[in-house]
file coords.cif (mmCIF, C-alpha atoms)
data_model
loop_
_atom_site.label_atom_id
_atom_site.label_comp_id
_atom_site.auth_asym_id
_atom_site.auth_seq_id
_atom_site.Cartn_x
_atom_site.Cartn_y
_atom_site.Cartn_z
CA MET A 1 -8.66 6.33 14.97
CA ARG A 2 -10.98 4.39 12.66
CA ILE A 3 -9.33 3.51 9.36
CA VAL A 4 -9.70 1.67 6.08
CA ILE A 5 -6.52 0.32 4.48
CA ASP A 6 -6.62 0.07 0.69
CA CYS A 7 -3.58 -1.96 -0.29
CA ASP A 8 -1.79 -4.47 -2.53
CA PRO A 9 -0.06 -6.87 -0.10
CA GLY A 10 2.43 -9.37 -1.49
CA ASN A 11 3.56 -11.33 1.57
CA GLY A 12 4.52 -14.80 0.39
CA VAL A 13 4.44 -13.91 -3.32
CA PRO A 14 7.88 -14.29 -4.93
CA GLY A 15 9.30 -10.90 -5.85
CA ALA A 16 6.49 -8.90 -4.27
CA ASN A 17 7.03 -6.15 -1.71
CA THR A 18 5.83 -7.01 1.80
CA ASP A 19 5.53 -3.58 3.39
CA ASP A 20 1.73 -3.61 3.00
CA GLY A 21 1.67 -6.65 5.29
CA LEU A 22 3.90 -4.88 7.81
CA ALA A 23 1.55 -1.89 7.70
CA LEU A 24 -1.46 -4.16 8.28
CA GLY A 25 0.35 -5.75 11.22
CA LEU A 26 1.03 -2.35 12.78
CA ALA A 27 -2.60 -1.31 12.30
CA MET A 28 -3.85 -4.51 13.93
CA ALA A 29 -1.45 -4.27 16.88
CA SER A 30 -1.68 -0.57 17.69
CA PRO A 31 -4.26 0.40 20.33
CA ALA A 32 -4.48 3.79 18.61
CA ILE A 33 -5.90 2.24 15.43
CA ASP A 34 -9.25 0.58 14.78
CA LEU A 35 -8.91 -1.21 11.44
CA GLU A 36 -12.46 -1.61 10.14
CA LEU A 37 -11.96 -2.63 6.52
CA VAL A 38 -9.21 -3.85 4.19
CA THR A 39 -9.62 -3.42 0.44
CA THR A 40 -7.22 -4.54 -2.25
CA VAL A 41 -6.24 -3.12 -5.62
CA ALA A 42 -4.10 -4.28 -8.52
CA GLY A 43 -0.56 -3.00 -8.13
CA ASN A 44 2.22 -4.77 -6.30
CA VAL A 45 0.15 -7.93 -6.95
CA PRO A 46 -3.20 -8.46 -8.70
CA ALA A 47 -6.21 -7.42 -6.62
CA THR A 48 -7.57 -10.92 -5.97
CA VAL A 49 -4.11 -12.18 -5.01
CA GLY A 50 -3.73 -9.27 -2.60
CA ALA A 51 -7.12 -10.06 -1.09
CA SER A 52 -6.13 -13.67 -0.55
CA VAL A 53 -2.83 -12.63 1.01
CA ALA A 54 -4.62 -10.20 3.34
CA ARG A 55 -7.19 -12.82 4.33
CA GLY A 56 -4.42 -15.32 4.98
CA LEU A 57 -2.50 -12.93 7.22
CA LEU A 58 -5.59 -11.88 9.15
CA ALA A 59 -6.62 -15.52 9.61
CA GLU A 60 -3.19 -16.31 11.06
CA TRP A 61 -3.58 -13.39 13.43
CA GLY A 62 -7.09 -14.39 14.53
CA ALA A 63 -8.38 -11.02 13.32
CA ASP A 64 -11.96 -10.53 12.16
CA VAL A 65 -11.66 -7.73 9.60
CA PRO A 66 -13.53 -7.80 6.28
CA VAL A 67 -11.36 -7.93 3.15
CA VAL A 68 -12.83 -6.85 -0.18
CA ALA A 69 -11.01 -7.23 -3.50
CA GLY A 70 -11.40 -4.31 -5.85
CA ALA A 71 -10.14 -2.82 -9.09
CA ARG A 72 -8.20 -5.20 -11.32
CA THR A 73 -7.05 -2.63 -13.87
CA PRO A 74 -6.23 1.10 -13.87
CA LEU A 75 -8.86 3.66 -14.83
CA VAL A 76 -7.33 4.32 -18.25
CA ARG A 77 -3.76 3.13 -18.55
CA ASP A 78 -2.80 -0.24 -20.05
CA PRO A 79 -1.38 -2.15 -17.06
CA ALA A 80 0.70 -4.60 -19.13
CA PRO A 81 4.06 -2.75 -18.95
CA TRP A 82 3.82 -2.36 -15.18
CA ARG A 83 2.59 -5.93 -14.71
CA ARG A 84 5.69 -7.24 -16.48
CA ILE A 85 7.77 -5.41 -13.87
CA LEU A 86 5.64 -6.05 -10.79
CA ASP A 87 5.04 -9.75 -11.40
CA ARG A 88 8.83 -10.27 -11.59
CA SER A 89 8.38 -12.51 -14.63
CA GLY A 90 12.05 -12.01 -15.46
CA MET A 91 13.36 -12.73 -11.96
CA SER A 92 16.63 -14.59 -12.15
CA ALA A 93 17.03 -18.04 -10.64
CA GLU A 94 19.51 -16.52 -8.21
CA HIS A 95 16.93 -14.05 -6.92
CA ARG A 96 14.07 -16.54 -7.04
CA ARG A 97 16.01 -18.83 -4.70
CA LEU A 98 15.49 -16.21 -1.98
CA TRP A 99 11.87 -17.32 -1.79
CA ASP A 100 12.54 -21.06 -2.00
CA GLY A 101 11.02 -22.91 0.90
CA VAL A 102 9.29 -19.86 2.34
CA PRO A 103 5.78 -20.87 3.44
CA ARG A 104 2.96 -18.77 2.03
CA PRO A 105 0.44 -17.12 4.37
CA ALA A 106 -2.32 -19.58 5.22
CA SER A 107 -5.60 -18.82 3.49
CA PRO A 108 -9.06 -19.95 4.53
CA ALA A 109 -9.73 -20.83 0.90
CA GLY A 110 -6.38 -22.45 0.21
CA HIS A 111 -4.81 -19.78 -2.01
CA ASN A 112 -1.04 -20.09 -1.84
CA GLY A 113 -0.07 -16.54 -2.73
CA GLY A 114 1.05 -17.07 -6.32
CA THR A 115 -0.31 -14.79 -9.02
CA GLY A 116 -1.71 -17.67 -11.02
CA ASP A 117 -3.59 -15.43 -13.45
CA GLY A 118 -0.74 -14.16 -15.53
CA GLY A 119 -0.80 -10.88 -13.65
CA THR A 120 -4.14 -9.65 -14.91
CA GLY A 121 -5.81 -9.78 -11.54
CA ASP A 122 -8.88 -11.39 -13.05
CA GLY A 123 -8.88 -14.50 -10.98
CA GLY A 124 -6.27 -16.85 -9.64
CA PRO A 125 -6.45 -20.19 -7.95
CA GLY A 126 -8.72 -20.28 -4.94
CA GLY A 127 -8.79 -17.67 -2.22
CA GLY A 128 -11.68 -15.74 -3.72
CA GLY A 129 -14.18 -14.02 -1.50
CA ALA A 130 -17.86 -13.73 -2.27
CA SER A 131 -17.42 -10.25 -3.77
CA ASP A 132 -14.15 -10.86 -5.63
CA GLY A 133 -15.86 -11.01 -9.01
CA ASP A 134 -16.94 -7.35 -8.83
CA PRO A 135 -14.07 -4.91 -9.44
CA LEU A 136 -16.15 -2.07 -7.93
CA ALA A 137 -16.88 -3.97 -4.69
CA ALA A 138 -14.03 -2.30 -2.84
CA ALA A 139 -15.07 1.17 -4.01
CA HIS A 140 -18.59 0.55 -2.76
CA ALA A 141 -17.31 -0.81 0.56
CA ILE A 142 -15.16 2.28 1.10
CA GLY A 143 -17.89 4.67 -0.01
CA ARG A 144 -20.58 3.14 2.16
CA LEU A 145 -18.41 3.07 5.28
CA VAL A 146 -17.16 6.64 4.93
CA THR A 147 -20.49 8.25 4.03
CA ALA A 148 -22.30 6.38 6.81
CA ASN A 149 -19.81 7.78 9.33
CA PRO A 150 -19.14 11.40 8.36
CA GLY A 151 -15.88 12.74 9.74
CA ALA A 152 -14.98 9.46 11.44
CA ILE A 153 -13.10 7.32 8.88
CA THR A 154 -9.58 7.86 7.56
CA VAL A 155 -8.67 6.08 4.33
CA VAL A 156 -5.09 4.85 4.10
CA ALA A 157 -4.25 4.25 0.43
CA ILE A 158 -0.95 2.39 0.16
CA GLY A 159 -1.37 0.95 -3.33
CA PRO A 160 -2.51 2.55 -6.59
CA THR A 161 -5.54 4.73 -5.83
CA THR A 162 -7.93 3.12 -8.33
CA ASN A 163 -10.45 1.94 -5.73
CA LEU A 164 -10.49 5.35 -4.11
CA ALA A 165 -10.97 7.14 -7.42
CA HIS A 166 -13.96 4.89 -8.19
CA ALA A 167 -15.37 5.51 -4.69
CA LEU A 168 -15.09 9.28 -5.09
CA ARG A 169 -17.02 9.06 -8.36
CA LEU A 170 -19.68 6.70 -7.02
CA TYR A 171 -20.16 8.55 -3.72
CA PRO A 172 -20.05 12.32 -4.37
CA ASN A 173 -20.19 13.09 -0.63
CA LEU A 174 -17.13 10.99 0.17
CA ALA A 175 -14.68 13.87 -0.25
CA ARG A 176 -16.71 15.88 2.25
CA ASP A 177 -17.36 13.03 4.68
CA VAL A 178 -13.91 11.42 4.91
CA ALA A 179 -11.83 12.39 7.94
CA GLY A 180 -8.71 12.27 5.82
CA ILE A 181 -6.96 10.40 3.04
CA ALA A 182 -3.35 9.35 3.54
CA VAL A 183 -1.71 8.30 0.27
CA MET A 184 1.65 6.61 -0.26
CA GLY A 185 2.63 7.74 -3.71
CA GLY A 186 4.46 10.20 -5.88
CA ALA A 187 8.13 10.84 -6.58
CA MET A 188 9.67 14.23 -7.23
CA ALA A 189 13.44 14.00 -6.86
CA VAL A 190 14.37 10.36 -6.33
CA PRO A 191 17.48 9.37 -8.29
CA GLY A 192 16.62 6.79 -10.92
CA ARG A 193 12.91 6.81 -10.06
CA PRO A 194 11.14 9.57 -12.00
CA VAL A 195 7.81 7.74 -11.52
CA ASP A 196 6.79 5.74 -8.46
CA THR A 197 4.78 2.54 -8.75
CA ASN A 198 1.54 3.71 -7.15
CA PHE A 199 1.06 6.89 -9.19
CA GLY A 200 2.70 5.34 -12.26
CA TYR A 201 0.43 2.28 -12.32
CA ASP A 202 -2.72 4.43 -12.30
CA PRO A 203 -1.89 8.09 -12.87
CA HIS A 204 -5.47 9.05 -13.70
CA ALA A 205 -6.65 7.69 -10.35
CA ALA A 206 -3.90 9.61 -8.53
CA HIS A 207 -5.01 12.77 -10.33
CA ALA A 208 -8.65 12.15 -9.40
CA VAL A 209 -7.82 11.72 -5.71
CA LEU A 210 -5.66 14.84 -5.55
CA ALA A 211 -8.35 16.84 -7.36
CA ALA A 212 -11.31 15.63 -5.29
CA GLY A 213 -11.17 18.37 -2.68
CA ALA A 214 -10.77 15.93 0.21
CA PRO A 215 -8.16 16.47 2.94
CA VAL A 216 -5.28 14.52 1.36
CA THR A 217 -1.86 13.82 2.84
CA VAL A 218 0.75 12.55 0.37
CA VAL A 219 3.70 10.49 1.54
CA PRO A 220 6.03 10.38 -1.47
CA LEU A 221 8.86 8.05 -2.34
CA ASP A 222 11.25 10.93 -1.63
CA THR A 223 10.39 10.55 2.06
CA THR A 224 9.83 6.80 2.32
CA VAL A 225 13.30 5.98 0.96
CA LYS A 226 14.65 7.65 4.10
CA THR A 227 13.28 4.71 6.09
CA MET A 228 15.07 1.40 6.60
CA PHE A 229 14.35 -2.05 8.02
CA THR A 230 17.44 -4.25 8.40
CA ASP A 231 18.37 -7.73 9.55
CA ALA A 232 18.58 -6.38 13.10
CA GLU A 233 14.93 -5.34 12.99
CA LEU A 234 13.97 -8.63 11.36
CA LYS A 235 15.65 -10.51 14.21
CA ARG A 236 13.80 -8.36 16.74
CA LEU A 237 10.52 -8.98 14.93
CA ARG A 238 11.11 -12.72 14.89
CA GLU A 239 11.97 -12.84 18.61
CA ILE A 240 8.66 -11.26 19.68
CA GLY A 241 7.01 -14.55 18.78
CA THR A 242 3.35 -13.55 18.40
CA PRO A 243 1.19 -14.79 15.52
CA ILE A 244 1.45 -11.35 13.87
CA THR A 245 5.21 -11.01 14.18
CA SER A 246 5.96 -14.63 13.30
CA SER A 247 4.08 -14.46 10.01
CA LEU A 248 5.51 -11.04 9.17
CA ALA A 249 9.08 -12.12 9.93
CA ARG A 250 8.69 -15.28 7.86
CA THR A 251 7.31 -13.51 4.79
CA THR A 252 9.43 -10.36 5.05
CA ALA A 253 12.78 -12.17 5.28
CA PRO A 254 13.05 -13.05 1.55
CA TRP A 255 11.91 -9.59 0.47
CA LEU A 256 14.52 -7.97 2.73
CA ARG A 257 17.27 -10.11 1.18
CA TYR A 258 16.02 -9.43 -2.34
CA SER A 259 15.81 -5.69 -1.69
CA ALA A 260 19.29 -5.54 -0.19
CA GLU A 261 20.88 -7.58 -2.99
CA THR A 262 19.21 -5.84 -5.92
CA ARG A 263 19.26 -2.26 -4.60
CA GLY A 264 22.52 -2.16 -2.71
CA ILE A 265 20.92 -0.95 0.52
CA PRO A 266 21.11 -2.45 4.05
CA GLY A 267 17.60 -3.90 3.98
CA CYS A 268 14.21 -2.72 2.75
CA TRP A 269 12.25 0.50 2.87
CA LEU A 270 9.09 0.89 4.96
CA HIS A 271 7.00 2.87 2.50
CA ASP A 272 3.56 1.74 3.68
CA VAL A 273 4.44 1.26 7.33
CA LEU A 274 5.29 4.94 7.52
CA VAL A 275 1.77 5.95 6.45
CA VAL A 276 0.18 3.99 9.30
CA ALA A 277 2.88 4.88 11.83
CA MET A 278 2.42 8.62 11.31
CA LEU A 279 -1.25 8.20 12.25
CA VAL A 280 -0.17 6.55 15.49
CA ASP A 281 2.48 9.20 16.23
CA PRO A 282 2.31 12.33 14.04
CA ALA A 283 5.63 13.56 15.47
CA ILE A 284 7.68 11.02 13.48
CA VAL A 285 7.24 13.07 10.28
CA THR A 286 7.41 16.66 9.12
CA ARG A 287 4.72 18.12 6.90
CA ARG A 288 4.06 21.18 4.80
CA PRO A 289 1.37 22.36 2.39
CA ALA A 290 2.20 21.77 -1.24
CA ARG A 291 0.60 22.01 -4.65
CA LEU A 292 0.95 18.83 -6.68
CA ALA A 293 -0.04 17.69 -10.15
CA VAL A 294 0.25 14.33 -11.91
CA ASN A 295 1.55 14.09 -15.46
CA LEU A 296 -1.16 12.43 -17.57
CA ASP A 297 0.57 12.83 -20.94
CA ASP A 298 1.31 9.61 -22.81
CA GLY A 299 4.91 8.53 -22.55
CA PRO A 300 7.45 7.16 -20.09
CA ASP A 301 6.86 10.00 -17.62
CA GLN A 302 3.12 9.44 -17.33
CA GLY A 303 2.38 9.37 -13.61
CA ALA A 304 5.29 11.61 -12.68
CA THR A 305 4.54 13.91 -9.76
CA ILE A 306 5.00 17.61 -10.34
CA ARG A 307 5.47 19.96 -7.40
CA LEU A 308 4.28 23.40 -8.34
CA PRO A 309 5.02 26.79 -6.82
CA ASP A 310 2.76 27.66 -3.90
CA ASP A 311 0.80 29.95 -6.15
CA GLU A 312 -2.81 29.35 -7.10
CA SER A 313 -2.17 30.70 -10.60
CA HIS A 314 -0.62 27.31 -11.36
CA ALA A 315 -2.88 24.34 -12.03
CA GLY A 316 -2.40 21.97 -9.16
CA HIS A 317 -4.02 20.64 -6.02
CA THR A 318 -3.16 21.63 -2.48
CA VAL A 319 -2.27 18.71 -0.22
CA THR A 320 -0.30 18.10 2.92
CA LEU A 321 3.09 16.76 1.86
CA VAL A 322 5.13 14.60 4.23
CA ASP A 323 8.69 15.69 3.52
CA GLY A 324 10.71 14.23 6.39
CA VAL A 325 10.82 11.21 8.69
CA ASP A 326 12.70 10.13 11.80
CA ASN A 327 13.42 6.46 11.05
CA ALA A 328 14.47 5.62 14.62
CA ARG A 329 11.17 6.95 15.97
CA LEU A 330 9.27 5.16 13.20
CA LEU A 331 10.80 1.86 14.29
CA GLU A 332 9.97 2.68 17.93
CA VAL A 333 6.31 3.17 17.01
CA PHE A 334 6.30 -0.08 15.01
CA PHE A 335 7.88 -2.23 17.72
CA ALA A 336 6.06 -0.56 20.62
CA ALA A 337 2.77 -1.74 19.11
CA LEU A 338 3.96 -5.23 18.22
CA GLU A 339 5.72 -5.86 21.54
CA ALA A 340 2.84 -4.66 23.71
#

call {"tool": "encode", "arguments": {"input": "coords.cif", "output": "structure tokens"}}
result
Amino acid sequence: MRIVIDCDPGNGVPGANTDDGLALGLAMASPAIDLELVTTVAGNVPATVGASVARGLLAEWGADVPVVAGARTPLVRDPAPWRRILDRSGMSAEHRRLWDGVPRPASPAGHNGGTGDGGTGDGGPGGGGASDGDPLAAAHAIGRLVTANPGAITVVAIGPTTNLAHALRLYPNLARDVAGIAVMGGAMAVPGRPVDTNFGYDPHAAHAVLAAGAPVTVVPLDTTVKTMFTDAELKRLREIGTPITSSLARTTAPWLRYSAETRGIPGCWLHDVLVVAMLVDPAIVTRRPARLAVNLDDGPDQGATIRLPDDESHAGHTVTLVDGVDNARLLEVFFAALEA
């Protein structure tokens, strides 16, 4: 399967989730996946930081995959409130110590993984690619690849969907030509999480993607929080000893500890890994058609996902909703690829 991964990887960035990096590692290692392009978007980390992280990981792995930085801000929403949360500016010294001494992914341009730009995504020290100054570069890269290969490319969107929304606007045939769009986003009945990060950071982009008429599969937080990666899996990852697994183990370890300590769970969730793993083995998840809408009203619930009755009299967009996962089989898929 030929795929694009549009992501916001934070491996090596204090306080940033590392499951994008784990998903990239699975995509690189699986013989079922041909990763042709990586694009980055502001979300978990600023877009240029994510691009530098992705380039650093791929360089460590000896992988030759183009990485294009994209949208630095949401379509409409002011990103400042989310950036204050996502950049962990208020991280306590006790939690920050979890990252102390953890090497950052190597970068061809010397970027060390820190945000450096105050969270705006408008720059940062080093690590910039030739196209990193153009926030629409990722949208164009996605649009050109998909429309040049009708029916052949699946887009895996595991960050806010801003790049994809721009691509759908710039390339009107993209919705027709894409083989499928797999989105990690949305939350419908997750205790304490009325809005997930990806849809909440750019709700208007999420709405645009759901409304585009493309074949969209949504993997919501409701399902991804049924996954788990613990110290036992981290040990197994570390013991494989390849360039991919060594870098992933090194950069995931502090996030796993932070997640466990702050959330009271045994480890960390595999939100983004699940989206790639279900492409490798569709049997690890259950799916059903659903009609979804995104709340665009101003207020704290902007970006909330609304599941509507399966009745076309209600305004909503029909998608395939992933509503169940077998975590043991997910881990089997992940390790089978990385241990091969």

call {"tool": "residues_around", "arguments": {"input": "coords.cif", "residues": "range 278-289 of chain A", "least_positions_apart": "4", "cutoff": "9 Å", "atoms": "only C-alpha atoms", "output": "list of chain:residue names"}}
result
A:Met1, A:Ala27, A:Ser30, A:Pro31, A:Ala32, A:Ile33, A:Thr217, A:Val273, A:Leu274, A:Asp310, A:Thr318, A:Val319, A:Thr320, A:Leu321, A:Val322, A:Asp323, A:Gly324, A:Val325, A:Asp326, A:Asn327, A:Ala328, A:Arg329, A:Leu330, A:Val333

call {"tool": "residues_around", "arguments": {"input": "coords.cif", "residues": "Cys268 in chain A", "least_positions_apart": "6", "cutoff": "6 Å", "atoms": "all atoms listed in the file", "output": "PyMOL selection string"}}
result
chain A and resi 228-229+256+259

call {"tool": "residues_around", "arguments": {"input": "coords.cif", "residues": "Val155 in chain A", "least_positions_apart": "3", "cutoff": "8 Å", "atoms": "all atoms listed in the file", "output": "JSON, numbers by chain"}}
result
{"A": [3, 4, 5, 6, 178, 179, 180, 181, 182]}

call {"tool": "axis_aligned_box", "arguments": {"input": "coords.cif", "around": "range 283-287 of chain A", "padding_each_side": "4 Å", "output": "AutoDock Vina command-line options"}}
result
--center_x 6.2 --center_y 14.6 --center_z 11.2 --size_x 11.0 --size_y 15.1 --size_z 16.6

call {"tool": "resolve_selection", "arguments": {"input": "coords.cif", "expression": "the PyMOL selection byres ((chain A and resi 69) around 7)", "output": "VMD selection string"}}
result
chain A and resid 39 to 41 47 to 48 51 67 to 68 70 132 137 to 138

call {"tool": "resolve_selection", "arguments": {"input": "coords.cif", "expression": "the PyMOL selection byres ((chain A and resi 77) around 8)", "output": "PyMOL selection string"}}
result
chain A and resi 74-76+78-79+201-204

call {"tool": "residues_near_point", "arguments": {"input": "coords.cif", "point": "(5.7, 19.2, -7.6)", "cutoff": "9 Å", "atoms": "all atoms listed in the file", "output": "list in words"}}
result
Ala187, Met188, Ala290, Arg291, Leu292, Ala293, Val294, Thr305, Ile306, Arg307, Leu308, Pro309 and Gly316 of chain A

call {"tool": "write_last_selection", "arguments": {"input": "coords.cif", "atoms": "C-alpha atoms", "output": "tab-separated table (two decimals), keeping the file's coordinate frame"}}
result
chain	number	residue	atom	x	y	z
A	187	ALA	CA	8.13	10.84	-6.58
A	188	MET	CA	9.67	14.23	-7.23
A	290	ALA	CA	2.20	21.77	-1.24
A	291	ARG	CA	0.60	22.01	-4.65
A	292	LEU	CA	0.95	18.83	-6.68
A	293	ALA	CA	-0.04	17.69	-10.15
A	294	VAL	CA	0.25	14.33	-11.91
A	305	THR	CA	4.54	13.91	-9.76
A	306	ILE	CA	5.00	17.61	-10.34
A	307	ARG	CA	5.47	19.96	-7.40
A	308	LEU	CA	4.28	23.40	-8.34
A	309	PRO	CA	5.02	26.79	-6.82
A	316	GLY	CA	-2.40	21.97	-9.16

call {"tool": "residues_around", "arguments": {"input": "coords.cif", "residues": "Leu270 in chain A", "least_positions_apart": "5", "cutoff": "12 Å", "atoms": "only C-alpha atoms", "output": "PyMOL selection string"}}
result
chain A and resi 17-23+26+158+184+219-221+223-230+233+252+255-256+259+275-277+325+327+330-331+334

call {"tool": "residues_around", "arguments": {"input": "coords.cif", "residues": "Leu168 in chain A", "least_positions_apart": "4", "cutoff": "12 Å", "atoms": "only C-alpha atoms", "output": "short mmCIF file (atom, residue, chain, number, x, y, z; two decimals) with C-alpha atoms, in the coordinates of the input"}}
result
data_model
loop_
_atom_site.label_atom_id
_atom_site.label_comp_id
_atom_site.auth_asym_id
_atom_site.auth_seq_id
_atom_site.Cartn_x
_atom_site.Cartn_y
_atom_site.Cartn_z
CA LEU A 136 -16.15 -2.07 -7.93
CA ALA A 138 -14.03 -2.30 -2.84
CA ALA A 139 -15.07 1.17 -4.01
CA HIS A 140 -18.59 0.55 -2.76
CA ALA A 141 -17.31 -0.81 0.56
CA ILE A 142 -15.16 2.28 1.10
CA GLY A 143 -17.89 4.67 -0.01
CA ARG A 144 -20.58 3.14 2.16
CA VAL A 146 -17.16 6.64 4.93
CA THR A 147 -20.49 8.25 4.03
CA VAL A 155 -8.67 6.08 4.33
CA THR A 161 -5.54 4.73 -5.83
CA THR A 162 -7.93 3.12 -8.33
CA ASN A 163 -10.45 1.94 -5.73
CA LEU A 164 -10.49 5.35 -4.11
CA PRO A 172 -20.05 12.32 -4.37
CA ASN A 173 -20.19 13.09 -0.63
CA LEU A 174 -17.13 10.99 0.17
CA ALA A 175 -14.68 13.87 -0.25
CA ARG A 176 -16.71 15.88 2.25
CA ASP A 177 -17.36 13.03 4.68
CA VAL A 178 -13.91 11.42 4.91
CA ILE A 181 -6.96 10.40 3.04
CA ALA A 205 -6.65 7.69 -10.35
CA ALA A 206 -3.90 9.61 -8.53
CA HIS A 207 -5.01 12.77 -10.33
CA ALA A 208 -8.65 12.15 -9.40
CA VAL A 209 -7.82 11.72 -5.71
CA LEU A 210 -5.66 14.84 -5.55
CA ALA A 211 -8.35 16.84 -7.36
CA ALA A 212 -11.31 15.63 -5.29
CA GLY A 213 -11.17 18.37 -2.68
CA ALA A 214 -10.77 15.93 0.21
#

call {"tool": "closest_residue", "arguments": {"input": "coords.cif", "among": "A:Gly25, A:Pro243, A:Pro194, A:Gly185", "to": "Gly62 in chain A", "atoms": "only C-alpha atoms"}}
result
A:Pro243

call {"tool": "atom_distance", "arguments": {"input": "coords.cif", "atom1": "CA of Val53 in chain A", "atom2": "CA of Gly12 in chain A"}}
result
7.7 Å

call {"tool": "resolve_selection", "arguments": {"input": "coords.cif", "expression": "the PyMOL selection byres ((chain A and resi 235) around 12)", "output": "PyMOL selection string"}}
result
chain A and resi 229-234+236-241+245-246+248-250+252-253+256+335

call {"tool": "closest_residue", "arguments": {"input": "coords.cif", "among": "A:Gln302, A:Ser247, A:Thr154, A:Asn295", "to": "Ala59 in chain A", "atoms": "all atoms listed in the file"}}
result
A:Ser247

call {"tool": "atom_distance", "arguments": {"input": "coords.cif", "atom1": "CA of Pro254 in chain A", "atom2": "CA of Pro14 in chain A"}}
result
8.4 Å

call {"tool": "closest_residue", "arguments": {"input": "coords.cif", "among": "A:Leu86, A:Pro215, A:Asp222, A:His317", "to": "Ala189 in chain A", "atoms": "only C-alpha atoms"}}
result
A:Asp222

call {"tool": "atom_distance", "arguments": {"input": "coords.cif", "atom1": "CA of Val216 in chain A", "atom2": "CA of Arg83 in chain A"}}
result
27.2 Å

call {"tool": "closest_residue", "arguments": {"input": "coords.cif", "among": "A:Ile153, A:Met28, A:Val38, A:Ala260", "to": "Ala337 in chain A", "atoms": "only C-alpha atoms"}}
result
A:Met28

call {"tool": "closest_residue", "arguments": {"input": "coords.cif", "among": "A:Thr242, A:Asp297, A:Asp134, A:Arg2", "to": "Pro150 in chain A", "atoms": "only C-alpha atoms"}}
result
A:Arg2

call {"tool": "closest_residue", "arguments": {"input": "coords.cif", "among": "A:Leu57, A:Ala336, A:Ala71, A:Ala148", "to": "Gly43 in chain A", "atoms": "all atoms listed in the file"}}
result
A:Ala71

call {"tool": "decode", "arguments": {"input": "coords.cif", "residues": "range 275-322 of chain A", "atoms": "C-alpha atoms", "output": "PDB file, in the first residue's frame"}}
result
ATOM      1  CA  VAL A 275      -3.976   4.096  12.204  1.00  0.00           C
ATOM      2  CA  VAL A 276      -0.970   2.624  10.394  1.00  0.00           C
ATOM      3  CA  ALA A 277      -1.338  -0.835  11.942  1.00  0.00           C
ATOM      4  CA  MET A 278      -4.935  -1.205  10.752  1.00  0.00           C
ATOM      5  CA  LEU A 279      -3.707  -0.654   7.189  1.00  0.00           C
ATOM      6  CA  VAL A 280      -1.240  -3.502   7.658  1.00  0.00           C
ATOM      7  CA  ASP A 281      -3.843  -5.799   9.251  1.00  0.00           C
ATOM      8  CA  PRO A 282      -7.460  -4.614   8.961  1.00  0.00           C
ATOM      9  CA  ALA A 283      -8.602  -7.390  11.325  1.00  0.00           C
ATOM     10  CA  ILE A 284      -7.190  -5.638  14.412  1.00  0.00           C
ATOM     11  CA  VAL A 285     -10.113  -3.173  14.426  1.00  0.00           C
ATOM     12  CA  THR A 286     -13.871  -3.153  14.038  1.00  0.00           C
ATOM     13  CA  ARG A 287     -15.589  -0.608  11.831  1.00  0.00           C
ATOM     14  CA  ARG A 288     -19.043   0.685  11.066  1.00  0.00           C
ATOM     15  CA  PRO A 289     -20.566   3.477   8.982  1.00  0.00           C
ATOM     16  CA  ALA A 290     -21.347   6.606  10.944  1.00  0.00           C
ATOM     17  CA  ARG A 291     -22.484  10.159  10.389  1.00  0.00           C
ATOM     18  CA  LEU A 292     -20.251  12.711  12.070  1.00  0.00           C
ATOM     19  CA  ALA A 293     -20.208  16.472  12.436  1.00  0.00           C
ATOM     20  CA  VAL A 294     -17.707  18.851  14.029  1.00  0.00           C
ATOM     21  CA  ASN A 295     -18.858  21.650  16.313  1.00  0.00           C
ATOM     22  CA  LEU A 296     -17.633  24.941  14.824  1.00  0.00           C
ATOM     23  CA  ASP A 297     -19.374  27.255  17.296  1.00  0.00           C
ATOM     24  CA  ASP A 298     -17.101  29.536  19.303  1.00  0.00           C
ATOM     25  CA  GLY A 299     -16.519  28.329  22.830  1.00  0.00           C
ATOM     26  CA  PRO A 300     -14.785  25.601  24.801  1.00  0.00           C
ATOM     27  CA  ASP A 301     -16.526  22.826  22.854  1.00  0.00           C
ATOM     28  CA  GLN A 302     -15.365  24.028  19.441  1.00  0.00           C
ATOM     29  CA  GLY A 303     -13.956  20.966  17.706  1.00  0.00           C
ATOM     30  CA  ALA A 304     -16.143  18.511  19.582  1.00  0.00           C
ATOM     31  CA  THR A 305     -17.203  15.535  17.486  1.00  0.00           C
ATOM     32  CA  ILE A 306     -20.912  14.905  17.176  1.00  0.00           C
ATOM     33  CA  ARG A 307     -22.182  11.467  16.188  1.00  0.00           C
ATOM     34  CA  LEU A 308     -25.539  11.809  14.510  1.00  0.00           C
ATOM     35  CA  PRO A 309     -28.296   9.268  13.935  1.00  0.00           C
ATOM     36  CA  ASP A 310     -27.803   7.213  10.791  1.00  0.00           C
ATOM     37  CA  ASP A 311     -30.415   9.302   9.058  1.00  0.00           C
ATOM     38  CA  GLU A 312     -29.657  11.582   6.135  1.00  0.00           C
ATOM     39  CA  SER A 313     -32.179  14.129   7.406  1.00  0.00           C
ATOM     40  CA  HIS A 314     -29.492  15.178   9.890  1.00  0.00           C
ATOM     41  CA  ALA A 315     -26.633  17.371   8.718  1.00  0.00           C
ATOM     42  CA  GLY A 316     -23.524  15.265   8.917  1.00  0.00           C
ATOM     43  CA  HIS A 317     -21.004  13.372   6.836  1.00  0.00           C
ATOM     44  CA  THR A 318     -20.869   9.627   6.371  1.00  0.00           C
ATOM     45  CA  VAL A 319     -17.521   8.073   7.261  1.00  0.00           C
ATOM     46  CA  THR A 320     -16.182   4.725   8.332  1.00  0.00           C
ATOM     47  CA  LEU A 321     -15.772   4.854  12.106  1.00  0.00           C
ATOM     48  CA  VAL A 322     -13.258   2.594  13.839  1.00  0.00           C
TER      49      VAL A 322
END
